[in-house]
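The structure file run-v4.cif is reproduced below (mmCIF, C-alpha atoms and all ligand atoms).
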data_start
loop_
_atom_site.label_atom_id
_atom_site.label_comp_id
_atom_site.auth_asym_id
_atom_site.auth_seq_id
_atom_site.Cartn_x
_atom_site.Cartn_y
_atom_site.Cartn_z
CA MET A 1 0.00 0.00 0.00
CA ARG A 2 1.01 3.61 -0.47
CA ALA A 3 1.94 5.55 2.65
CA MET A 4 3.77 8.66 3.81
CA VAL A 5 6.50 7.51 6.19
CA LEU A 6 8.59 9.33 8.78
CA ASP A 7 12.03 7.69 8.96
CA SER A 8 13.47 10.04 11.51
CA PRO A 9 12.41 13.32 13.13
CA ARG A 10 13.08 16.62 11.37
CA GLN A 11 12.97 14.99 7.94
CA LEU A 12 10.32 15.25 5.27
CA LEU A 13 7.91 12.34 5.02
CA ARG A 14 8.81 9.77 2.36
CA HIS A 15 6.20 8.60 -0.14
CA ALA A 16 6.62 4.82 -0.06
CA GLU A 17 5.10 1.48 -0.93
CA ILE A 18 4.94 -0.60 2.29
CA PRO A 19 3.28 -3.94 3.22
CA GLU A 20 -0.39 -3.75 4.18
CA PRO A 21 -0.89 -4.42 7.93
CA ARG A 22 -2.87 -7.46 9.13
CA PRO A 23 -5.60 -7.08 11.78
CA GLY A 24 -4.61 -8.74 15.08
CA VAL A 25 -6.84 -9.95 17.92
CA GLY A 26 -9.63 -7.43 18.56
CA GLN A 27 -8.53 -5.28 15.63
CA VAL A 28 -10.06 -4.26 12.34
CA LEU A 29 -8.33 -3.41 9.08
CA ILE A 30 -9.57 -0.05 7.79
CA ARG A 31 -9.37 1.12 4.21
CA ILE A 32 -8.70 4.83 4.71
CA ASN A 33 -10.67 7.45 2.81
CA VAL A 34 -9.27 10.57 4.47
CA CYS A 35 -6.96 11.60 7.30
CA ALA A 36 -6.62 15.10 8.71
CA VAL A 37 -3.31 16.75 9.55
CA CYS A 38 -3.13 17.82 13.19
CA ARG A 39 -0.67 20.13 14.88
CA THR A 40 0.44 17.14 16.95
CA ASP A 41 1.70 15.58 13.71
CA LEU A 42 4.03 18.57 13.37
CA HIS A 43 5.30 18.04 16.92
CA VAL A 44 5.96 14.35 16.11
CA VAL A 45 7.76 15.16 12.86
CA ASP A 46 9.74 17.96 14.53
CA GLY A 47 10.97 15.56 17.23
CA GLU A 48 9.23 17.50 20.00
CA LEU A 49 7.52 14.39 21.40
CA PRO A 50 9.77 11.67 22.85
CA GLU A 51 10.26 8.22 21.36
CA PRO A 52 7.92 7.94 18.40
CA LYS A 53 7.66 4.55 16.68
CA LEU A 54 10.12 4.66 13.75
CA PRO A 55 9.65 4.31 10.89
CA LEU A 56 6.19 5.76 11.45
CA VAL A 57 3.06 6.44 9.43
CA PRO A 58 1.71 9.65 11.08
CA GLY A 59 -1.94 10.72 11.29
CA HIS A 60 -4.63 10.22 13.91
CA GLU A 61 -7.83 11.73 12.49
CA ILE A 62 -8.73 8.84 10.23
CA VAL A 63 -12.03 8.07 8.51
CA GLY A 64 -12.40 4.90 6.50
CA ARG A 65 -14.34 1.68 6.11
CA VAL A 66 -13.82 -1.63 7.84
CA ALA A 67 -12.33 -4.01 5.27
CA GLU A 68 -11.32 -6.98 7.37
CA ILE A 69 -12.10 -8.18 10.87
CA GLY A 70 -9.49 -9.74 13.18
CA THR A 71 -10.01 -12.62 15.61
CA ASP A 72 -12.49 -11.80 18.40
CA ALA A 73 -13.40 -8.44 16.90
CA GLN A 74 -17.18 -8.15 16.74
CA ARG A 75 -18.17 -4.52 17.13
CA PHE A 76 -18.24 -3.63 13.43
CA LYS A 77 -19.07 -5.33 10.19
CA ILE A 78 -17.32 -5.10 6.84
CA GLY A 79 -18.13 -1.80 5.16
CA ASP A 80 -18.95 0.13 8.37
CA ARG A 81 -17.62 3.68 8.39
CA VAL A 82 -15.41 4.32 11.41
CA GLY A 83 -13.10 6.98 12.77
CA VAL A 84 -9.77 6.32 14.46
CA PRO A 85 -8.61 8.88 17.05
CA TRP A 86 -5.36 9.64 18.86
CA LEU A 87 -5.95 7.22 21.75
CA GLY A 88 -5.40 3.87 20.07
CA TRP A 89 -5.12 1.59 23.10
CA ALA A 90 -5.07 1.72 26.91
CA CYS A 91 -4.29 -1.07 29.36
CA GLY A 92 -7.67 -1.13 31.11
CA LYS A 93 -6.02 -2.29 34.35
CA CYS A 94 -4.06 0.58 35.90
CA GLU A 95 -5.54 2.99 38.43
CA TYR A 96 -6.09 5.63 35.75
CA CYS A 97 -7.91 3.26 33.40
CA GLN A 98 -10.02 1.97 36.27
CA SER A 99 -11.03 5.45 37.42
CA GLY A 100 -12.25 6.74 34.04
CA ARG A 101 -8.95 8.43 33.20
CA GLU A 102 -7.62 6.16 30.48
CA ASN A 103 -6.27 9.33 28.82
CA LEU A 104 -3.52 9.23 31.49
CA CYS A 105 -2.71 5.50 31.22
CA SER A 106 1.08 5.20 31.25
CA ARG A 107 0.92 2.24 28.86
CA ALA A 108 -1.44 3.98 26.42
CA ARG A 109 -0.60 3.82 22.74
CA PHE A 110 -1.29 6.63 20.34
CA THR A 111 -2.27 6.51 16.69
CA GLY A 112 0.29 8.10 14.38
CA TYR A 113 2.85 8.32 17.21
CA THR A 114 3.45 4.98 18.92
CA LEU A 115 1.15 3.11 16.49
CA ASP A 116 1.08 3.54 12.71
CA GLY A 117 -1.58 6.04 11.66
CA GLY A 118 -3.55 7.29 8.73
CA TYR A 119 -1.25 8.87 6.14
CA ALA A 120 -1.71 5.63 4.19
CA GLU A 121 -4.19 3.55 2.25
CA CYS A 122 -4.90 1.22 5.21
CA CYS A 123 -4.38 0.93 8.93
CA VAL A 124 -5.30 -1.47 11.70
CA ALA A 125 -7.03 -0.30 14.87
CA ASP A 126 -8.35 -1.78 18.11
CA GLU A 127 -12.10 -1.80 17.51
CA ARG A 128 -12.87 -0.65 21.08
CA PHE A 129 -11.14 2.68 20.44
CA CYS A 130 -12.82 3.48 17.10
CA PHE A 131 -15.91 5.65 16.78
CA PRO A 132 -18.84 5.23 14.39
CA ILE A 133 -19.12 8.46 12.36
CA PRO A 134 -22.53 10.22 12.42
CA ASP A 135 -24.22 10.03 9.01
CA ILE A 136 -24.60 13.78 8.58
CA TYR A 137 -20.86 14.14 8.06
CA ALA A 138 -19.02 13.60 4.80
CA ASP A 139 -15.66 11.85 5.21
CA ALA A 140 -13.38 14.89 4.99
CA GLU A 141 -15.70 16.99 7.14
CA ALA A 142 -15.66 14.32 9.88
CA THR A 143 -11.87 14.02 10.25
CA PRO A 144 -11.21 17.14 12.34
CA LEU A 145 -13.88 16.00 14.79
CA LEU A 146 -11.65 13.08 15.77
CA CYS A 147 -8.94 15.12 17.45
CA ALA A 148 -9.40 18.86 17.14
CA GLY A 149 -13.05 18.22 17.96
CA LEU A 150 -12.92 15.82 20.80
CA ILE A 151 -9.78 17.00 22.56
CA GLY A 152 -11.10 20.53 22.09
CA PHE A 153 -14.36 19.35 23.64
CA ARG A 154 -12.51 17.91 26.63
CA SER A 155 -10.87 21.35 27.03
CA LEU A 156 -14.26 23.06 26.82
CA VAL A 157 -15.79 20.75 29.45
CA ARG A 158 -12.88 21.63 31.73
CA THR A 159 -13.96 25.31 31.69
CA GLY A 160 -17.14 24.33 33.56
CA ARG A 161 -19.97 26.79 33.17
CA ALA A 162 -17.80 29.71 32.06
CA ARG A 163 -20.01 32.11 30.13
CA ARG A 164 -17.39 34.41 28.63
CA LEU A 165 -14.85 32.12 27.02
CA GLY A 166 -11.55 33.20 25.46
CA ILE A 167 -9.93 31.02 22.80
CA TYR A 168 -6.27 31.57 21.91
CA GLY A 169 -5.21 30.19 18.53
CA PHE A 170 -8.05 29.98 16.06
CA GLY A 171 -7.38 26.83 14.06
CA GLY A 172 -8.92 23.39 13.81
CA ALA A 173 -9.97 22.91 17.43
CA ALA A 174 -11.19 26.48 17.95
CA HIS A 175 -13.46 26.52 14.91
CA ILE A 176 -15.27 23.44 16.24
CA ILE A 177 -15.38 24.42 19.89
CA THR A 178 -16.71 27.91 19.09
CA GLN A 179 -19.79 26.33 17.51
CA ILE A 180 -20.44 24.13 20.54
CA ALA A 181 -19.82 27.01 22.96
CA ARG A 182 -22.29 29.21 21.05
CA TYR A 183 -24.85 26.35 21.04
CA GLN A 184 -24.45 26.19 24.83
CA GLY A 185 -25.14 29.92 25.08
CA ARG A 186 -21.60 31.04 25.85
CA GLU A 187 -19.87 34.13 24.46
CA VAL A 188 -16.64 33.48 22.58
CA TYR A 189 -13.68 35.88 22.47
CA ALA A 190 -11.17 34.79 19.82
CA PHE A 191 -7.46 35.65 19.97
CA THR A 192 -5.26 35.13 16.90
CA ARG A 193 -1.68 35.86 15.91
CA PRO A 194 -1.30 39.66 15.94
CA GLY A 195 -2.48 41.09 12.63
CA ASP A 196 -4.21 37.92 11.41
CA GLU A 197 -7.31 39.75 10.22
CA GLU A 198 -8.43 36.84 8.07
CA GLY A 199 -8.38 34.54 11.12
CA GLN A 200 -10.28 37.11 13.17
CA GLU A 201 -12.91 37.46 10.46
CA PHE A 202 -13.21 33.65 10.34
CA ALA A 203 -13.79 33.59 14.12
CA ARG A 204 -16.49 36.27 13.89
CA SER A 205 -18.18 34.36 11.05
CA LEU A 206 -18.54 31.39 13.42
CA GLY A 207 -20.22 33.49 16.07
CA ALA A 208 -17.35 34.90 18.14
CA SER A 209 -18.62 38.11 19.74
CA TRP A 210 -15.14 39.61 19.60
CA ALA A 211 -11.89 38.76 17.82
CA GLY A 212 -8.51 40.41 18.24
CA ASP A 213 -4.76 40.02 18.55
CA SER A 214 -3.43 37.59 21.17
CA ASP A 215 -1.56 40.39 22.95
CA SER A 216 -4.61 42.62 23.25
CA GLU A 217 -7.07 42.72 26.12
CA PRO A 218 -10.64 41.53 25.66
CA PRO A 219 -13.38 44.16 26.07
CA GLU A 220 -14.61 42.36 29.20
CA PRO A 221 -12.89 40.04 31.70
CA LEU A 222 -13.24 36.37 30.74
CA ASP A 223 -14.53 33.55 32.93
CA ALA A 224 -12.18 31.04 31.30
CA ALA A 225 -9.74 30.72 28.44
CA ILE A 226 -8.58 27.82 26.32
CA ILE A 227 -5.16 28.01 24.65
CA PHE A 228 -4.83 25.92 21.50
CA ALA A 229 -1.75 27.68 20.10
CA PRO A 230 1.55 26.02 21.16
CA ALA A 231 3.00 29.29 22.52
CA GLY A 232 3.87 29.31 26.24
CA GLU A 233 3.87 33.12 26.36
CA LEU A 234 0.09 33.00 25.97
CA ILE A 235 -0.35 31.58 29.49
CA PRO A 236 0.42 34.85 31.33
CA LEU A 237 -1.61 36.80 28.72
CA ALA A 238 -4.60 34.50 29.21
CA LEU A 239 -4.29 34.67 33.01
CA LYS A 240 -4.37 38.45 32.71
CA ALA A 241 -7.57 38.22 30.65
CA VAL A 242 -9.50 35.95 33.05
CA THR A 243 -11.39 37.19 36.06
CA ARG A 244 -11.18 35.96 39.70
CA GLY A 245 -11.63 32.18 39.95
CA GLY A 246 -11.07 31.82 36.20
CA ILE A 247 -9.33 28.87 34.60
CA VAL A 248 -6.83 28.77 31.73
CA VAL A 249 -6.93 25.42 29.95
CA CYS A 250 -3.99 24.44 27.74
CA GLY A 251 -5.40 22.18 25.05
CA GLY A 252 -2.24 21.26 23.15
CA ILE A 253 0.24 18.43 23.63
CA HIS A 254 3.29 20.66 23.41
CA MET A 255 4.04 24.29 24.19
CA SER A 256 7.12 26.46 24.06
CA ASP A 257 8.48 27.41 27.50
CA VAL A 258 6.28 29.53 29.70
CA PRO A 259 7.89 32.86 30.66
CA SER A 260 7.93 33.79 34.34
CA PHE A 261 5.09 35.99 35.50
CA PRO A 262 4.07 37.81 38.68
CA TYR A 263 2.09 35.76 41.21
CA LYS A 264 -0.69 38.34 41.14
CA LEU A 265 -1.77 36.90 37.75
CA LEU A 266 -2.54 33.60 39.49
CA TRP A 267 -3.83 35.11 42.73
CA GLN A 268 -7.59 35.11 43.47
CA GLU A 269 -7.94 31.42 42.67
CA ARG A 270 -7.13 31.61 39.01
CA SER A 271 -5.78 28.29 37.76
CA VAL A 272 -3.90 26.80 34.83
CA CYS A 273 -4.27 23.20 33.68
CA SER A 274 -3.43 21.03 30.70
CA ILE A 275 -5.58 18.58 28.78
CA ALA A 276 -3.96 15.30 27.80
CA ASN A 277 -5.32 13.00 25.12
CA LEU A 278 -8.93 11.82 25.32
CA THR A 279 -11.08 9.11 26.83
CA ARG A 280 -13.61 7.06 24.91
CA ARG A 281 -16.25 8.73 27.03
CA ASP A 282 -15.20 12.18 25.75
CA GLY A 283 -15.65 10.80 22.24
CA ASP A 284 -19.10 9.38 22.94
CA GLU A 285 -20.27 12.65 24.49
CA PHE A 286 -18.77 14.72 21.71
CA PHE A 287 -20.24 12.60 18.91
CA ASP A 288 -23.59 12.91 20.66
CA ILE A 289 -23.57 16.72 20.80
CA ALA A 290 -21.76 17.51 17.50
CA PRO A 291 -24.56 16.49 15.09
CA ARG A 292 -27.15 18.27 17.26
CA VAL A 293 -25.39 21.67 17.06
CA PRO A 294 -24.72 20.76 14.21
CA VAL A 295 -20.98 21.36 14.19
CA ARG A 296 -19.73 22.12 10.70
CA THR A 297 -16.06 21.91 9.82
CA SER A 298 -14.19 23.63 7.08
CA VAL A 299 -11.39 21.73 5.44
CA GLN A 300 -8.72 22.24 2.80
CA THR A 301 -7.94 19.03 0.99
CA PHE A 302 -4.61 17.71 -0.26
CA GLY A 303 -3.58 14.44 -1.92
CA LEU A 304 -1.83 11.80 0.19
CA ALA A 305 1.45 12.50 -1.58
CA GLU A 306 1.11 16.19 -0.64
CA ALA A 307 1.35 15.52 3.11
CA ASN A 308 4.58 17.53 3.41
CA GLU A 309 2.94 20.55 1.72
CA ALA A 310 -0.14 20.24 3.94
CA MET A 311 2.08 20.22 7.03
CA ALA A 312 4.03 23.25 5.76
CA CYS A 313 0.77 25.19 5.28
CA LEU A 314 -0.40 24.28 8.78
CA ARG A 315 2.96 25.30 10.23
CA ALA A 316 2.76 28.65 8.46
CA GLY A 317 -0.74 29.30 9.83
CA LYS A 318 -2.21 29.23 6.32
CA ILE A 319 -4.99 26.73 7.05
CA HIS A 320 -8.27 28.10 8.36
CA GLY A 321 -10.08 25.05 9.62
CA ALA A 322 -8.34 21.74 9.02
CA ALA A 323 -5.98 20.30 6.40
CA VAL A 324 -7.18 16.90 5.19
CA LEU A 325 -5.38 14.30 3.09
CA VAL A 326 -7.70 12.58 0.66
CA VAL A 327 -6.44 9.02 0.24
CA GLN A 328 -9.11 7.42 -1.92
ZN ZN B 401 -4.04 1.93 31.96
ZN ZN B 402 -4.49 15.69 16.99
#
Produce structure tokens that represent the structure in this file.
Amino acid sequence: MRAMVLDSPRQLLRHAEIPEPRPGVGQVLIRINVCAVCRTDLHVVDGELPEPKLPLVPGHEIVGRVAEIGTDAQRFKIGDRVGVPWLGWACGKCEYCQSGRENLCSRARFTGYTLDGGYAECCVADERFCFPIPDIYADAEATPLLCAGLIGFRSLVRTGRARRLGIYGFGGAAHIITQIARYQGREVYAFTRPGDEEGQEFARSLGASWAGDSDSEPPEPLDAAIIFAPAGELIPLALKAVTRGGIVVCGGIHMSDVPSFPYKLLWQERSVCSIANLTRRDGDEFFDIAPRVPVRTSVQTFGLAEANEAMACLRAGKIHGAAVLVVQ
């Protein structure tokens, strides 16, 4: 099968012909239609996440159809449309798995990082960690829901009942979460790279009540903020923008170093937390609410062989919405 392969970090992906994987116990073989490009893929390729599987097929926002069923797999039938997310496997036995926090399982395996992912014609996946895709979504439109959507949703849930919500970094996750936040009756304040008027206009078109530069102050104090951009310097800026008791949720897997800041920015019970990975429960809840909003995604499509170009566009901030590789 054709695949885009990472041989070692900080290199371009190689377009290669590699053997098709076989489904193991409890796994299904999926013929991939589309796979989105996530910022995490950039962190993997850039060597910012430790010990990736190598060589590796990146990609963890996969939509395809079940083509073969492994021993003891019984959840899906041939031809079913499924999505494969970042969390590809968890042990089910450790204290985190047993307390509903499989996202923190130390033995967890991740699609497109420690397991081969979706920049390819096929992949195998543990059926328990796949999601059926709601019918209202076309393939490409569904891909960003699988990571940007559901990890973004976990970040949103973490803000509790915050009414005035700031979002820093208006890409794939933000464009989905803004729609859910508006549906829930919240006000969204969008912060983009300074001068990114196109991004700010995009945020307003999705219902943000205000959009501005990340170093500017919102017109009103915020109850919570979510940071999707991988820039540590946004943490003190977001803390400054939230009111007493407010929370700043960091939704990304990697951030540049956080500069020091005066304690008064944290004082009055402000807090900062990170969101790691996802649980299957997050996915079930998200795929329940998304079609009711209904969340719409905007995508820019590329061919499988154009994965390096798609990643370069994402890196340069040129994608509004999500970049999606169309495989077949
Ligand atoms: Zn575990
Ligand atoms: Zn992702």
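Minimum atom-to-atom distance to Gln328 of chain A, evaluated using only C-alpha atoms, belongs to A:Asp139 out of A:Asp139, A:Gly88, A:Thr111, A:Val293.
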Could you pull the residues within 12 Å of Cys313 of chain A, counting all atoms listed in the file, minus those fewer than 2 positions along the same chain, as a list of chain:residue names? A:Val37, A:Cys38, A:Arg39, A:Leu42, A:Gln300, A:Thr301, A:Phe302, A:Glu306, A:Ala307, A:Asn308, A:Glu309, A:Ala310, A:Met311, A:Arg315, A:Ala316, A:Gly317, A:Lys318, A:Ile319, A:His320, A:Gly321, A:Ala322, A:Ala323, A:Val324
Find the residues around Gly185 of chain A up to 10 Å (only C-alpha atoms counted), leave out those fewer than 6 positions away in its own chain, and share them as a list in words.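 Contacts, in chain order: Arg163, Arg164 and Gln179 of chain A.
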Sel. within 6 Å of pt (5.0, 31.7, 30.0), counting only C-alpha atoms, output as a ChimeraX atom specification: /A:232-233,235-236,258-260
Enter the distance from atom CA of Pro134 of chain A to atom CA of Arg65 of chain A, in Å, rounded to one decimal.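 Atom CA of Arg65 of chain A lies at a distance of 13.4 Å from atom CA of Pro134 of chain A.
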Export of segment 185-209 of chain A: N, CA, C and O atoms, as a compact mmCIF listing (two decimals), in the first residue's frame:
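Produced file part.txt, reproduced below:
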# COMPACT_ATOMS: atom_id res chain seq x y z
N GLY A 185 -24.80 28.59 24.60
CA GLY A 185 -25.14 29.92 25.08
C GLY A 185 -23.98 30.70 25.65
O GLY A 185 -24.17 31.68 26.36
N ARG A 186 -22.76 30.30 25.35
CA ARG A 186 -21.60 31.04 25.85
C ARG A 186 -21.20 32.12 24.85
O ARG A 186 -21.54 32.04 23.68
N GLU A 187 -20.45 33.12 25.35
CA GLU A 187 -19.87 34.13 24.46
C GLU A 187 -18.43 33.76 24.19
O GLU A 187 -17.71 33.39 25.12
N VAL A 188 -18.01 33.86 22.93
CA VAL A 188 -16.64 33.48 22.58
C VAL A 188 -15.82 34.71 22.19
O VAL A 188 -16.27 35.56 21.41
N TYR A 189 -14.63 34.81 22.77
CA TYR A 189 -13.68 35.88 22.47
C TYR A 189 -12.47 35.21 21.84
O TYR A 189 -11.81 34.39 22.49
N ALA A 190 -12.20 35.52 20.57
CA ALA A 190 -11.17 34.79 19.82
C ALA A 190 -9.88 35.62 19.73
O ALA A 190 -9.91 36.80 19.39
N PHE A 191 -8.76 34.99 20.04
CA PHE A 191 -7.46 35.65 19.97
C PHE A 191 -6.61 34.95 18.91
O PHE A 191 -6.44 33.74 18.94
N THR A 192 -6.08 35.72 17.97
CA THR A 192 -5.26 35.13 16.90
C THR A 192 -3.86 35.72 16.94
O THR A 192 -3.59 36.64 17.73
N ARG A 193 -2.99 35.22 16.06
CA ARG A 193 -1.68 35.86 15.91
C ARG A 193 -1.91 37.32 15.60
O ARG A 193 -2.81 37.66 14.82
N PRO A 194 -1.10 38.23 16.20
CA PRO A 194 -1.30 39.66 15.94
C PRO A 194 -1.34 39.95 14.44
O PRO A 194 -0.51 39.46 13.67
N GLY A 195 -2.36 40.68 14.03
CA GLY A 195 -2.48 41.09 12.63
C GLY A 195 -3.17 40.09 11.72
O GLY A 195 -3.37 40.36 10.54
N ASP A 196 -3.57 38.93 12.26
CA ASP A 196 -4.21 37.92 11.41
C ASP A 196 -5.70 38.27 11.23
O ASP A 196 -6.58 37.68 11.85
N GLU A 197 -5.93 39.26 10.37
CA GLU A 197 -7.31 39.75 10.22
C GLU A 197 -8.22 38.70 9.59
O GLU A 197 -9.40 38.62 9.90
N GLU A 198 -7.63 37.89 8.71
CA GLU A 198 -8.43 36.84 8.07
C GLU A 198 -8.92 35.83 9.14
O GLU A 198 -10.08 35.43 9.14
N GLY A 199 -8.02 35.47 10.04
CA GLY A 199 -8.38 34.54 11.12
C GLY A 199 -9.44 35.14 12.03
O GLY A 199 -10.36 34.46 12.49
N GLN A 200 -9.31 36.45 12.29
CA GLN A 200 -10.28 37.11 13.17
C GLN A 200 -11.65 37.18 12.51
O GLN A 200 -12.68 36.98 13.16
N GLU A 201 -11.65 37.42 11.21
CA GLU A 201 -12.91 37.46 10.46
C GLU A 201 -13.57 36.07 10.47
O GLU A 201 -14.77 35.92 10.65
N PHE A 202 -12.73 35.03 10.31
CA PHE A 202 -13.21 33.65 10.34
C PHE A 202 -13.87 33.35 11.69
O PHE A 202 -14.96 32.78 11.75
N ALA A 203 -13.24 33.81 12.78
CA ALA A 203 -13.79 33.59 14.12
C ALA A 203 -15.14 34.29 14.27
O ALA A 203 -16.10 33.71 14.78
N ARG A 204 -15.22 35.54 13.79
CA ARG A 204 -16.49 36.27 13.89
C ARG A 204 -17.58 35.57 13.06
O ARG A 204 -18.73 35.51 13.47
N SER A 205 -17.19 35.01 11.91
CA SER A 205 -18.18 34.36 11.05
C SER A 205 -18.76 33.12 11.73
O SER A 205 -19.85 32.67 11.39
N LEU A 206 -18.04 32.56 12.70
CA LEU A 206 -18.54 31.39 13.42
C LEU A 206 -19.29 31.77 14.69
O LEU A 206 -19.67 30.90 15.47
N GLY A 207 -19.42 33.07 14.92
CA GLY A 207 -20.22 33.49 16.07
C GLY A 207 -19.44 34.06 17.23
O GLY A 207 -20.02 34.33 18.29
N ALA A 208 -18.12 34.26 17.07
CA ALA A 208 -17.35 34.90 18.14
C ALA A 208 -17.86 36.32 18.31
O ALA A 208 -18.06 37.03 17.32
N SER A 209 -18.10 36.75 19.57
CA SER A 209 -18.62 38.11 19.74
C SER A 209 -17.51 39.14 19.61
O SER A 209 -17.78 40.32 19.42
